[in-house]
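Notes to accompany the following structure.
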Amino acid sequence: MSLKLGLLYAYRNPAWNRQPWPKVYREELELTCYAEDLGFDNVWMSEHHFVDDGYMSAPLTIAAAVAARTKTIRIGTYIILMPMHDPIRIAEQAATVDLISDGRFDLGLGLGYRPEEFTGVGLTPRDRGARMAEGSVLIHRLLNEKKVTHKGKYYEVNDIQVTPPPAQSPCPIWVGARVDAAIDRAAKHGFHLAGIGPREHSDKYYEALVKYGRDPKDHHVGQIVTCFVGPTTEKAWDRCAEGLHHMLSCYLNWAVESGDVAAEPNWSHESPIPSPAEMRRKQAADFFGEACIVGSPSEVYERLCEHHEKNPSTHLAIYMNYPGTEQGYTRESMEHFASEIAPKLRKL
């Protein structure tokens with residue numbers, strides 16, 4: 001199977017380049033659907049809540065809008081913050097998106113980490129792991145079984161069936177997993193792995209698939225990469241530096257807020273996110289310990305080859321649409337990638 005190439009969207013509208021919200025959503029939706037015209041394999045929706053720049057809070061709603069406007073591209077979530085939601089509602093909405101898309105939906109579920117998101121809806125962050133473990137399996141059952149009864153610590157359902165069911169059988173589920181227990185659980189239940197970590201995560205995942213009698217060839221591993229393409233390296237950095245700085249600063253602040261920064265040695269108070277001017281001068285920045293891949297088509301292709309050799313995967317979720325970046329520049333980046341990089345990259 002050739003490497004699948006997808007784009008990750010978050011529909012953000014930062015204060016430093018604030019636009020009318022209806023305009024943002026109209027243009028972002030057009031840009032998302034344009035990925036199909038360019039031949040990308042997937043579009044992925046992300047989720048966060050209570051963020052000043054409006055980070056996408058309703059990914060399944062956006063996914064349904066994309067599904068109604070496209071015909072061939074696969075649509076997925078990378079990821080939904082499962083512990084914040086009712087599993088029944090996730091299953092019903094996922095089935096609806098799958099029907100609208102005629103079987104082109106991938107449901108990605110994750111743990112979440114920002115305390116403010118959980119306390120904001122009256123949940124305690126320390127329960128999120130247990131909620132994720134129980135809820136993800138329940139959602140899988142709701143999407144793939146006719147009648148479901150379940151009584152657990154957090155969720156209870158009594159002899160119910162999601163109606164209408166999804167078009168796909170089974171309905172593919174991805175999970176974000178970074179610790180050994182979560183990786184093992186993903187393999188046990190046959191979930192695909194939505195990664196954002198080192199190769200050791202995917203290695204452990206494949207080992208666990210074999211342990212549970214599953215064929216690794218039937219399962220997928222995704223990797224998020226931060227990537228932007230311009231006609232030259234200098235122009236690429238000029239065009240994306242402000243938006244990239246905003247995005248990276250938000251993630252660093254959230255990591256510090258959650259205490260997770262200790263797990264990201266390249267992200268600390270001692271090594272802050274470089275300013276846009278520094279990014280342009282040094283032509284460098286990091287995203288969760290991985291170098292941001294920004295440059296000309298030839299440079300981006302070479303660096304993606306290096307990334308894939310170090311962290312092999314079946315799918316790339318490419319974060320290219322940075323908050324506040326001129327949309328024409330993002331569209332041009334997508335076009336460069338589709339015409340000059342993707343054909344060669346799919347042969348890896």
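Letters A, B, ... mark the chains of the structure tokens in the order given; residue numbers begin at 1 per chain; ligand numbers begin at 1, in order shown.
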Name the residues of range 11-201 of chain A that fall into helix (DSSP H, G or I) according to DSSP on the backbone, using the chain letters and numbers of this document, as a PyMOL selection string.
-> chain A and resi 15-17+21-37+59-69+82-84+87-100+115-119+125-144+180-188+199-201
Using only C-alpha atoms, determine which residues lie at most 12 Å from Glu47 in chain A, disregarding the query and same-chain residues fewer than 4 positions distant; provide the list as a PyMOL selection string.
-> chain A and resi 8-12+51+54-63+76-82+84-85+108-114+117
Include C-alpha atoms and write out the residues we just selected as a short mmCIF file (atom, residue, chain, number, x, y, z; two decimals), in the first residue's frame.
data_model
loop_
_atom_site.label_atom_id
_atom_site.label_comp_id
_atom_site.auth_asym_id
_atom_site.auth_seq_id
_atom_site.Cartn_x
_atom_site.Cartn_y
_atom_site.Cartn_z
CA LEU A 8 -4.97 18.35 9.05
CA TYR A 9 -7.34 21.28 9.71
CA ALA A 10 -8.26 23.19 12.88
CA TYR A 11 -10.17 26.28 11.57
CA ARG A 12 -8.39 28.87 13.73
CA VAL A 51 -9.40 28.61 22.82
CA GLY A 54 -11.57 29.41 17.93
CA TYR A 55 -9.72 26.10 17.51
CA MET A 56 -12.24 23.71 15.97
CA SER A 57 -14.67 22.61 18.69
CA ALA A 58 -17.13 20.57 16.60
CA PRO A 59 -15.07 18.34 14.28
CA LEU A 60 -17.90 15.95 13.46
CA THR A 61 -20.06 18.86 12.29
CA ILE A 62 -17.25 20.04 10.02
CA ALA A 63 -16.68 16.48 8.84
CA GLY A 76 -11.39 11.69 9.57
CA THR A 77 -10.87 13.09 13.04
CA TYR A 78 -7.32 13.37 14.37
CA ILE A 79 -8.55 13.45 17.05
CA ILE A 80 -11.83 13.81 19.02
CA LEU A 81 -11.28 14.31 22.75
CA MET A 82 -13.26 11.23 23.68
CA MET A 84 -15.25 14.94 27.12
CA HIS A 85 -18.12 13.36 25.20
CA GLY A 108 -10.05 9.09 15.53
CA LEU A 109 -10.28 9.26 19.33
CA GLY A 110 -7.82 10.68 21.82
CA LEU A 111 -7.25 11.34 25.48
CA GLY A 112 -6.82 15.12 25.63
CA TYR A 113 -4.48 16.84 28.04
CA ARG A 114 -5.51 20.47 28.73
CA GLU A 117 -11.04 21.69 28.81
#
Please return as a list in words: the residues of range 15-191 of chain A that backbone DSSP assigns to strand (DSSP E or B).
-> Asn42, Val43, Trp44, Met45, Arg74, Ile75, Gly76, Thr77, Ile80, Leu81, Phe105, Asp106, Leu107, Gly108, Leu109, Gly110, Val148, Thr149, His150, Lys151, Glu156, Val157, Asn158, Asp159, Ile160, Ile173, Trp174 and Val175 of chain A
Could you take the residues named above and write them with N, CA and C atoms, as a PDB file, in the first residue's frame?
ATOM      1  N   ASN A  42      -6.663  12.075   2.272  1.00  0.00           N
ATOM      2  CA  ASN A  42      -7.451  12.281   3.488  1.00  0.00           C
ATOM      3  C   ASN A  42      -7.503  13.763   3.854  1.00  0.00           C
ATOM      4  N   VAL A  43      -8.566  14.143   4.547  1.00  0.00           N
ATOM      5  CA  VAL A  43      -8.584  15.383   5.317  1.00  0.00           C
ATOM      6  C   VAL A  43      -8.944  14.988   6.744  1.00  0.00           C
ATOM      7  N   TRP A  44      -8.237  15.600   7.699  1.00  0.00           N
ATOM      8  CA  TRP A  44      -8.413  15.269   9.110  1.00  0.00           C
ATOM      9  C   TRP A  44      -8.844  16.509   9.883  1.00  0.00           C
ATOM     10  N   MET A  45      -9.747  16.336  10.844  1.00  0.00           N
ATOM     11  CA  MET A  45     -10.240  17.420  11.691  1.00  0.00           C
ATOM     12  C   MET A  45      -9.710  17.222  13.110  1.00  0.00           C
ATOM     13  N   ARG A  74     -11.151  10.618   1.756  1.00  0.00           N
ATOM     14  CA  ARG A  74     -11.534  10.120   3.062  1.00  0.00           C
ATOM     15  C   ARG A  74     -11.467  11.254   4.081  1.00  0.00           C
ATOM     16  N   ILE A  75     -12.369  11.203   5.044  1.00  0.00           N
ATOM     17  CA  ILE A  75     -12.551  12.266   6.027  1.00  0.00           C
ATOM     18  C   ILE A  75     -12.403  11.649   7.408  1.00  0.00           C
ATOM     19  N   GLY A  76     -11.594  12.273   8.252  1.00  0.00           N
ATOM     20  CA  GLY A  76     -11.395  11.688   9.569  1.00  0.00           C
ATOM     21  C   GLY A  76     -11.179  12.713  10.650  1.00  0.00           C
ATOM     22  N   THR A  77     -11.182  12.249  11.895  1.00  0.00           N
ATOM     23  CA  THR A  77     -10.868  13.089  13.044  1.00  0.00           C
ATOM     24  C   THR A  77      -9.523  12.662  13.605  1.00  0.00           C
ATOM     25  N   ILE A  80     -10.766  13.350  18.124  1.00  0.00           N
ATOM     26  CA  ILE A  80     -11.826  13.811  19.015  1.00  0.00           C
ATOM     27  C   ILE A  80     -11.395  13.531  20.448  1.00  0.00           C
ATOM     28  N   LEU A  81     -11.633  14.479  21.334  1.00  0.00           N
ATOM     29  CA  LEU A  81     -11.276  14.314  22.746  1.00  0.00           C
ATOM     30  C   LEU A  81     -12.356  13.471  23.431  1.00  0.00           C
ATOM     31  N   PHE A 105     -15.466   7.654   6.124  1.00  0.00           N
ATOM     32  CA  PHE A 105     -15.134   8.289   7.398  1.00  0.00           C
ATOM     33  C   PHE A 105     -14.227   7.421   8.253  1.00  0.00           C
ATOM     34  N   ASP A 106     -13.238   8.072   8.907  1.00  0.00           N
ATOM     35  CA  ASP A 106     -12.363   7.437   9.887  1.00  0.00           C
ATOM     36  C   ASP A 106     -12.522   8.175  11.213  1.00  0.00           C
ATOM     37  N   LEU A 107     -12.915   7.463  12.243  1.00  0.00           N
ATOM     38  CA  LEU A 107     -13.125   8.078  13.552  1.00  0.00           C
ATOM     39  C   LEU A 107     -11.859   7.950  14.395  1.00  0.00           C
ATOM     40  N   GLY A 108     -11.232   9.078  14.674  1.00  0.00           N
ATOM     41  CA  GLY A 108     -10.047   9.093  15.525  1.00  0.00           C
ATOM     42  C   GLY A 108     -10.390   9.632  16.907  1.00  0.00           C
ATOM     43  N   LEU A 109      -9.986   8.901  17.950  1.00  0.00           N
ATOM     44  CA  LEU A 109     -10.280   9.256  19.329  1.00  0.00           C
ATOM     45  C   LEU A 109      -8.990   9.464  20.101  1.00  0.00           C
ATOM     46  N   GLY A 110      -9.003  10.424  21.017  1.00  0.00           N
ATOM     47  CA  GLY A 110      -7.818  10.677  21.815  1.00  0.00           C
ATOM     48  C   GLY A 110      -8.161  11.057  23.235  1.00  0.00           C
ATOM     49  N   VAL A 148     -26.295  -3.503  21.990  1.00  0.00           N
ATOM     50  CA  VAL A 148     -25.216  -3.317  22.951  1.00  0.00           C
ATOM     51  C   VAL A 148     -25.784  -3.052  24.337  1.00  0.00           C
ATOM     52  N   THR A 149     -25.286  -3.821  25.290  1.00  0.00           N
ATOM     53  CA  THR A 149     -25.548  -3.574  26.697  1.00  0.00           C
ATOM     54  C   THR A 149     -24.205  -3.438  27.395  1.00  0.00           C
ATOM     55  N   HIS A 150     -24.068  -2.404  28.196  1.00  0.00           N
ATOM     56  CA  HIS A 150     -22.789  -2.161  28.860  1.00  0.00           C
ATOM     57  C   HIS A 150     -23.042  -1.420  30.162  1.00  0.00           C
ATOM     58  N   LYS A 151     -22.393  -1.879  31.225  1.00  0.00           N
ATOM     59  CA  LYS A 151     -22.449  -1.179  32.494  1.00  0.00           C
ATOM     60  C   LYS A 151     -21.037  -1.092  33.041  1.00  0.00           C
ATOM     61  N   GLU A 156     -23.146   3.665  30.863  1.00  0.00           N
ATOM     62  CA  GLU A 156     -24.105   2.568  30.915  1.00  0.00           C
ATOM     63  C   GLU A 156     -25.073   2.685  29.755  1.00  0.00           C
ATOM     64  N   VAL A 157     -25.258   1.589  29.024  1.00  0.00           N
ATOM     65  CA  VAL A 157     -26.260   1.529  27.959  1.00  0.00           C
ATOM     66  C   VAL A 157     -27.002   0.204  28.091  1.00  0.00           C
ATOM     67  N   ASN A 158     -28.248   0.212  27.713  1.00  0.00           N
ATOM     68  CA  ASN A 158     -29.089  -0.964  27.907  1.00  0.00           C
ATOM     69  C   ASN A 158     -29.775  -1.377  26.615  1.00  0.00           C
ATOM     70  N   ASP A 159     -29.224  -2.411  25.980  1.00  0.00           N
ATOM     71  CA  ASP A 159     -29.850  -3.039  24.820  1.00  0.00           C
ATOM     72  C   ASP A 159     -30.206  -2.014  23.738  1.00  0.00           C
ATOM     73  N   ILE A 160     -29.196  -1.243  23.303  1.00  0.00           N
ATOM     74  CA  ILE A 160     -29.449  -0.220  22.292  1.00  0.00           C
ATOM     75  C   ILE A 160     -28.696  -0.531  21.006  1.00  0.00           C
ATOM     76  N   ILE A 173     -11.708   2.748  13.403  1.00  0.00           N
ATOM     77  CA  ILE A 173     -11.444   3.611  14.549  1.00  0.00           C
ATOM     78  C   ILE A 173      -9.941   3.717  14.750  1.00  0.00           C
ATOM     79  N   TRP A 174      -9.491   4.948  14.933  1.00  0.00           N
ATOM     80  CA  TRP A 174      -8.095   5.248  15.245  1.00  0.00           C
ATOM     81  C   TRP A 174      -8.039   5.773  16.675  1.00  0.00           C
ATOM     82  N   VAL A 175      -6.937   5.511  17.369  1.00  0.00           N
ATOM     83  CA  VAL A 175      -6.760   6.103  18.690  1.00  0.00           C
ATOM     84  C   VAL A 175      -5.372   6.703  18.810  1.00  0.00           C
TER      85      VAL A 175
END
Please report, as a tab-separated table, each residue of range 194-278 of chain A lying at most 7 Å from range 313-332 of chain A, together with the nearest pair of atoms and the separation in Å rounded to one decimal; use only C-alpha atoms, and order rows by chain and ascending residue number.
residue	atom	partner	partner_atom	distance
A:His220	CA	A:Thr314	CA	5.6
A:Val221	CA	A:Ser313	CA	5.1
A:Gly222	CA	A:His315	CA	4.5
A:Gln223	CA	A:Leu316	CA	5.1
A:Ile224	CA	A:Ala317	CA	4.7
A:Val225	CA	A:Ile318	CA	5.0
A:Thr226	CA	A:Tyr319	CA	4.7
A:Cys227	CA	A:Met320	CA	5.3
A:Phe228	CA	A:Met320	CA	5.4
A:Arg239	CA	A:Tyr329	CA	6.7
A:Cys240	CA	A:Thr325	CA	6.1
A:Gly243	CA	A:Pro323	CA	4.9
A:Leu244	CA	A:Tyr322	CA	5.7
A:His246	CA	A:Pro323	CA	6.9
A:Met247	CA	A:Pro323	CA	6.6
Using CA of Pro172 in chain A and CA of Lys153 in chain A as the two end points, give the distance in Å to one decimal.
-> 25.1 Å
Any idea what the distance is between CA of Val256 in chain A and CA of Gly289 in chain A?
->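 Calculated distance between CA of Val256 in chain A and CA of Gly289 in chain A is 14.5 Å.
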Can you tell me how far CA of Ala182 in chain A sits from CA of Ala285 in chain A, in Å to one decimal?
-> 29.1 Å
Do a neighbour search on range 275-280 of chain A at 12 Å with only C-alpha atoms, toss out local chain neighbours closer than 4 positions, and write the hits as a list in words.
-> Thr233, Glu234, Lys235, Ala236, Trp237, Asp238, Arg239, Cys240, Ala241, Glu242, Gly243, Leu244, His245, His246, Met247, Leu248, Ser249, Ser271, Ala284, Ala285, Asp286, Ala291, Cys292, Ile293, Val294 and Gly295 of chain A
Closest to Lys310 in chain A among A:Arg185, A:Arg346, A:Lys71, A:Arg199, using only C-alpha atoms?
-> A:Arg199
